[in-house]
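Below: the structure, in structure tokens.
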Amino acid sequence: MPWCQKPHRVAIRAGKLIDGKSEKPFENALIVIESDRIVSVVAGGSAPAGVDVIDLSKATVLPGFIDTHTHVLLQGDITAEEYDAQLLKESIPYRAILAARNAQIALSHGFTAIRDLETEGAMYADVDVKTAIANGEVPGPRMQVATRAMTPTGMYPLLGYSWELKVPTGVQYVDGTDGARKAVREQAMYGADWIKYYSDRRYHFESDGALHSMVNFTDEEAKAIVDEAHRIGKKVAAHAIGSDGIAAALRAGVDTIEHGDGLTDALMDEMAKRGIYWVPTITVGMYVAPGVKIALGTDAGGFDWKLLNEAKEFEYYVQYGMTPMQAIRTGTSTAAELLGWSDKLGTIEAGKWADIVAVNGDPLKDIKELENVKFVMKGGAAYKNEVR
Ligand SMILES: [Zn+2]
């Protein structure tokens with residue numbers, strides 16, 4: 001693997017360390033790594049004899065970033081035409097090659113783990129990308145994948161083509177409670193870590209000032225999806241933009257709300273009470289609600305991977321009222337919690353995987369520094385080191 005050197009034991013000297021859980025950064029910390037794990041983190045201290053030291057003494061070191069909402073198989077779909085063209089003109093193998101490229105982009109930006117939330121018509125190709133990365137065949141972040149996602153028949157593109165043509169669909173069409181359970185089992189069989197469904201569509205404001213939407217599944221169907229997923233140990237992400245779609249997803253018992261633009265105070269309270277995560281994807285809006293667990297998610301793939309750094313999401317969160325430290329947590333420790341990987345990722349402490357990034361400046365002073373990651377290590381292997 002030419003892109004990765006994997007020394008057995010190595011230490012990182014961090015000028016400033018933001019560990020993902022402490023309120024304040026540490027100065028001059030030493031992180032000792034053995035194989036793919038962090039074995040110790042101490043302020044000051046000298047490296048054990050014979051251990052190579054990576055000098056990041058002029059840099060700020062952070063846990064690897066986590067994006068909990070991506071689409072590696074999508075290359076931007078600002079218009080419906082762009083979306084349709086990808087499904088109609090690009091083969092799934094071609095899309096998988098681009099996905100591997102996108103995964104590499106994410107890693108080079110400091111994202112050492114992602115949750116990829118559906119393939120948009122590319123069937124189970126996300127499982128293949130995940131496997132190739134996990135096997136060390138191509139560089140990329142650790143992945144949890146949702147495979148195909150679900151709506152009822154006719155409620156997701158491609159739509160509007162002649163009924164004489166058999167066109168691909170961006171999701172798996174699922175109808176009825178038996179159909180819902182079968183689809184969950186099928187997606188799990190082919191490698192889904194998460195089940196995703198589209199709770200709503202057609203968003204519109206009404207006179208009450210709230211953003212409303214049309215709900216896709218009947219309550220019985222949505223509950224069957226969630227119940228079956230939970231029964232076999234999978235968690236459920238619901239795309240829910242309008243207040244009606246969010247309310248329906250909460251009734252069904254989902255684990256994460258994606259987008260959530262139409263969240264009302266009452267819905268927010270319920271999420272906080274039940275510990276349901278919100279993945280706002282740039283639309284934090286006026287809410288930085290106390291109590292609701294917000295995990296960073298960008299919807300990368302909805303925009304072109306080559307044009308925009310996902311770490312811009314941190315900047316939006318700060319613009320909407322988070323402190324830089326709070327924003328950093330959404331994309332590190334809170335995101336790790338959402339993935340169920342709190343014991344492995346999201347903070348820099350002994351026992352965790354050595355997923356570590358560094359930037360030249362101080363992101364607590366200028367959050368935009370996170371868009372300029374100079375050092376990336378995943379599982380103890382350094383993929384990038386451009387620290388000056
Ligand atoms: Zn999305």
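Please note that chains go A, B, ... in the order of the structure tokens, that every chain numbers its residues from 1, and that ligands are numbered from 1 in the order shown.
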Checklist entry - Mind listing the residues within 9 Å of ligand 1, only C-alpha atoms and all ligand atoms counted, as a ChimeraX atom specification? => result /A:69-71,116-118,239,258-259,281,297-302
Item to check | Every residue of range 124-188 of chain A that DSSP places in alpha helix (DSSP H), as a ChimeraX atom specification | outcome: /A:125-134,176-188
Convert the current residue selection to file output with N, CA, C and O atoms, as an mmCIF file, in the first residue's frame.
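The new file out21.cif reads:
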data_model
loop_
_atom_site.group_PDB
_atom_site.id
_atom_site.type_symbol
_atom_site.label_atom_id
_atom_site.label_comp_id
_atom_site.auth_asym_id
_atom_site.auth_seq_id
_atom_site.Cartn_x
_atom_site.Cartn_y
_atom_site.Cartn_z
ATOM 1 N N ALA A 125 -23.678 -0.963 -3.952
ATOM 2 C CA ALA A 125 -22.277 -0.636 -4.263
ATOM 3 C C ALA A 125 -21.569 0.036 -3.083
ATOM 4 O O ALA A 125 -20.335 -0.013 -2.990
ATOM 5 N N ASP A 126 -22.333 0.638 -2.166
ATOM 6 C CA ASP A 126 -21.691 1.224 -0.977
ATOM 7 C C ASP A 126 -21.031 0.156 -0.108
ATOM 8 O O ASP A 126 -19.994 0.383 0.504
ATOM 9 N N VAL A 127 -21.633 -1.025 -0.093
ATOM 10 C CA VAL A 127 -21.058 -2.134 0.683
ATOM 11 C C VAL A 127 -19.701 -2.511 0.071
ATOM 12 O O VAL A 127 -18.744 -2.805 0.798
ATOM 13 N N ASP A 128 -19.624 -2.490 -1.267
ATOM 14 C CA ASP A 128 -18.364 -2.829 -1.936
ATOM 15 C C ASP A 128 -17.281 -1.790 -1.655
ATOM 16 O O ASP A 128 -16.122 -2.137 -1.425
ATOM 17 N N VAL A 129 -17.663 -0.509 -1.678
ATOM 18 C CA VAL A 129 -16.691 0.553 -1.395
ATOM 19 C C VAL A 129 -16.182 0.399 0.039
ATOM 20 O O VAL A 129 -14.979 0.434 0.306
ATOM 21 N N LYS A 130 -17.114 0.176 0.946
ATOM 22 C CA LYS A 130 -16.752 -0.017 2.355
ATOM 23 C C LYS A 130 -15.789 -1.199 2.516
ATOM 24 O O LYS A 130 -14.781 -1.108 3.226
ATOM 25 N N THR A 131 -16.095 -2.292 1.827
ATOM 26 C CA THR A 131 -15.268 -3.500 1.947
ATOM 27 C C THR A 131 -13.871 -3.264 1.382
ATOM 28 O O THR A 131 -12.866 -3.678 1.982
ATOM 29 N N ALA A 132 -13.793 -2.600 0.231
ATOM 30 C CA ALA A 132 -12.481 -2.337 -0.392
ATOM 31 C C ALA A 132 -11.622 -1.464 0.517
ATOM 32 O O ALA A 132 -10.416 -1.681 0.643
ATOM 33 N N ILE A 133 -12.247 -0.497 1.189
ATOM 34 C CA ILE A 133 -11.507 0.356 2.129
ATOM 35 C C ILE A 133 -11.072 -0.461 3.344
ATOM 36 O O ILE A 133 -9.911 -0.416 3.755
ATOM 37 N N ALA A 134 -12.010 -1.219 3.892
ATOM 38 C CA ALA A 134 -11.704 -2.009 5.093
ATOM 39 C C ALA A 134 -10.592 -3.021 4.812
ATOM 40 O O ALA A 134 -9.784 -3.329 5.694
ATOM 41 N N GLY A 176 -46.582 -1.782 2.152
ATOM 42 C CA GLY A 176 -47.224 -2.683 3.105
ATOM 43 C C GLY A 176 -46.264 -3.098 4.209
ATOM 44 O O GLY A 176 -45.040 -2.985 4.073
ATOM 45 N N THR A 177 -46.823 -3.561 5.313
ATOM 46 C CA THR A 177 -45.977 -3.898 6.464
ATOM 47 C C THR A 177 -45.124 -5.143 6.191
ATOM 48 O O THR A 177 -43.962 -5.193 6.592
ATOM 49 N N ASP A 178 -45.680 -6.109 5.481
ATOM 50 C CA ASP A 178 -44.875 -7.297 5.148
ATOM 51 C C ASP A 178 -43.746 -6.914 4.203
ATOM 52 O O ASP A 178 -42.607 -7.385 4.343
ATOM 53 N N GLY A 179 -44.085 -6.054 3.227
ATOM 54 C CA GLY A 179 -43.072 -5.584 2.275
ATOM 55 C C GLY A 179 -41.963 -4.828 2.997
ATOM 56 O O GLY A 179 -40.785 -4.946 2.647
ATOM 57 N N ALA A 180 -42.357 -4.049 4.008
ATOM 58 C CA ALA A 180 -41.379 -3.269 4.783
ATOM 59 C C ALA A 180 -40.415 -4.198 5.514
ATOM 60 O O ALA A 180 -39.201 -4.017 5.471
ATOM 61 N N ARG A 181 -40.976 -5.197 6.168
ATOM 62 C CA ARG A 181 -40.113 -6.132 6.911
ATOM 63 C C ARG A 181 -39.190 -6.895 5.964
ATOM 64 O O ARG A 181 -38.017 -7.108 6.249
ATOM 65 N N LYS A 182 -39.732 -7.303 4.826
ATOM 66 C CA LYS A 182 -38.921 -8.057 3.855
ATOM 67 C C LYS A 182 -37.776 -7.183 3.318
ATOM 68 O O LYS A 182 -36.637 -7.642 3.205
ATOM 69 N N ALA A 183 -38.083 -5.920 3.026
ATOM 70 C CA ALA A 183 -37.043 -5.021 2.496
ATOM 71 C C ALA A 183 -35.932 -4.803 3.515
ATOM 72 O O ALA A 183 -34.750 -4.764 3.164
ATOM 73 N N VAL A 184 -36.310 -4.649 4.780
ATOM 74 C CA VAL A 184 -35.294 -4.485 5.833
ATOM 75 C C VAL A 184 -34.396 -5.715 5.882
ATOM 76 O O VAL A 184 -33.162 -5.614 5.917
ATOM 77 N N ARG A 185 -35.017 -6.895 5.841
ATOM 78 C CA ARG A 185 -34.230 -8.139 5.905
ATOM 79 C C ARG A 185 -33.313 -8.263 4.704
ATOM 80 O O ARG A 185 -32.157 -8.679 4.825
ATOM 81 N N GLU A 186 -33.835 -7.888 3.539
ATOM 82 C CA GLU A 186 -33.062 -7.983 2.309
ATOM 83 C C GLU A 186 -31.846 -7.041 2.359
ATOM 84 O O GLU A 186 -30.727 -7.447 2.052
ATOM 85 N N GLN A 187 -32.083 -5.793 2.747
ATOM 86 C CA GLN A 187 -30.976 -4.830 2.789
ATOM 87 C C GLN A 187 -29.939 -5.257 3.825
ATOM 88 O O GLN A 187 -28.731 -5.129 3.592
ATOM 89 N N ALA A 188 -30.415 -5.777 4.958
ATOM 90 C CA ALA A 188 -29.482 -6.252 5.982
ATOM 91 C C ALA A 188 -28.670 -7.438 5.446
ATOM 92 O O ALA A 188 -27.459 -7.531 5.674
#
Item to check | Selection: 8 Å around Ala43 in chain A, only C-alpha atoms, excl. self and same-chain fewer than 2 positions, as an MDAnalysis selection string | outcome: chainID A and resid 26:30 41 45
Checklist entry - Quick one: residues within 9 Å of range 377-385 of chain A, only C-alpha atoms counted, chain neighbours fewer than 2 positions away excluded, as a VMD selection string? => result chain A and resid 3 to 10 33 to 38 64 107 to 108 110 112 139 to 142 353 to 358 374 to 375 387 to 388
Item to check | Tyr197 in chain A surroundings by only C-alpha atoms, 9 Å radius, close-in-sequence under 5 positions cut, as a list in words | outcome: Arg148, Ala149, Met150, Thr151, Val171, Ala222, Ile225, Val236, Ala237, Ala238 and His239 of chain A
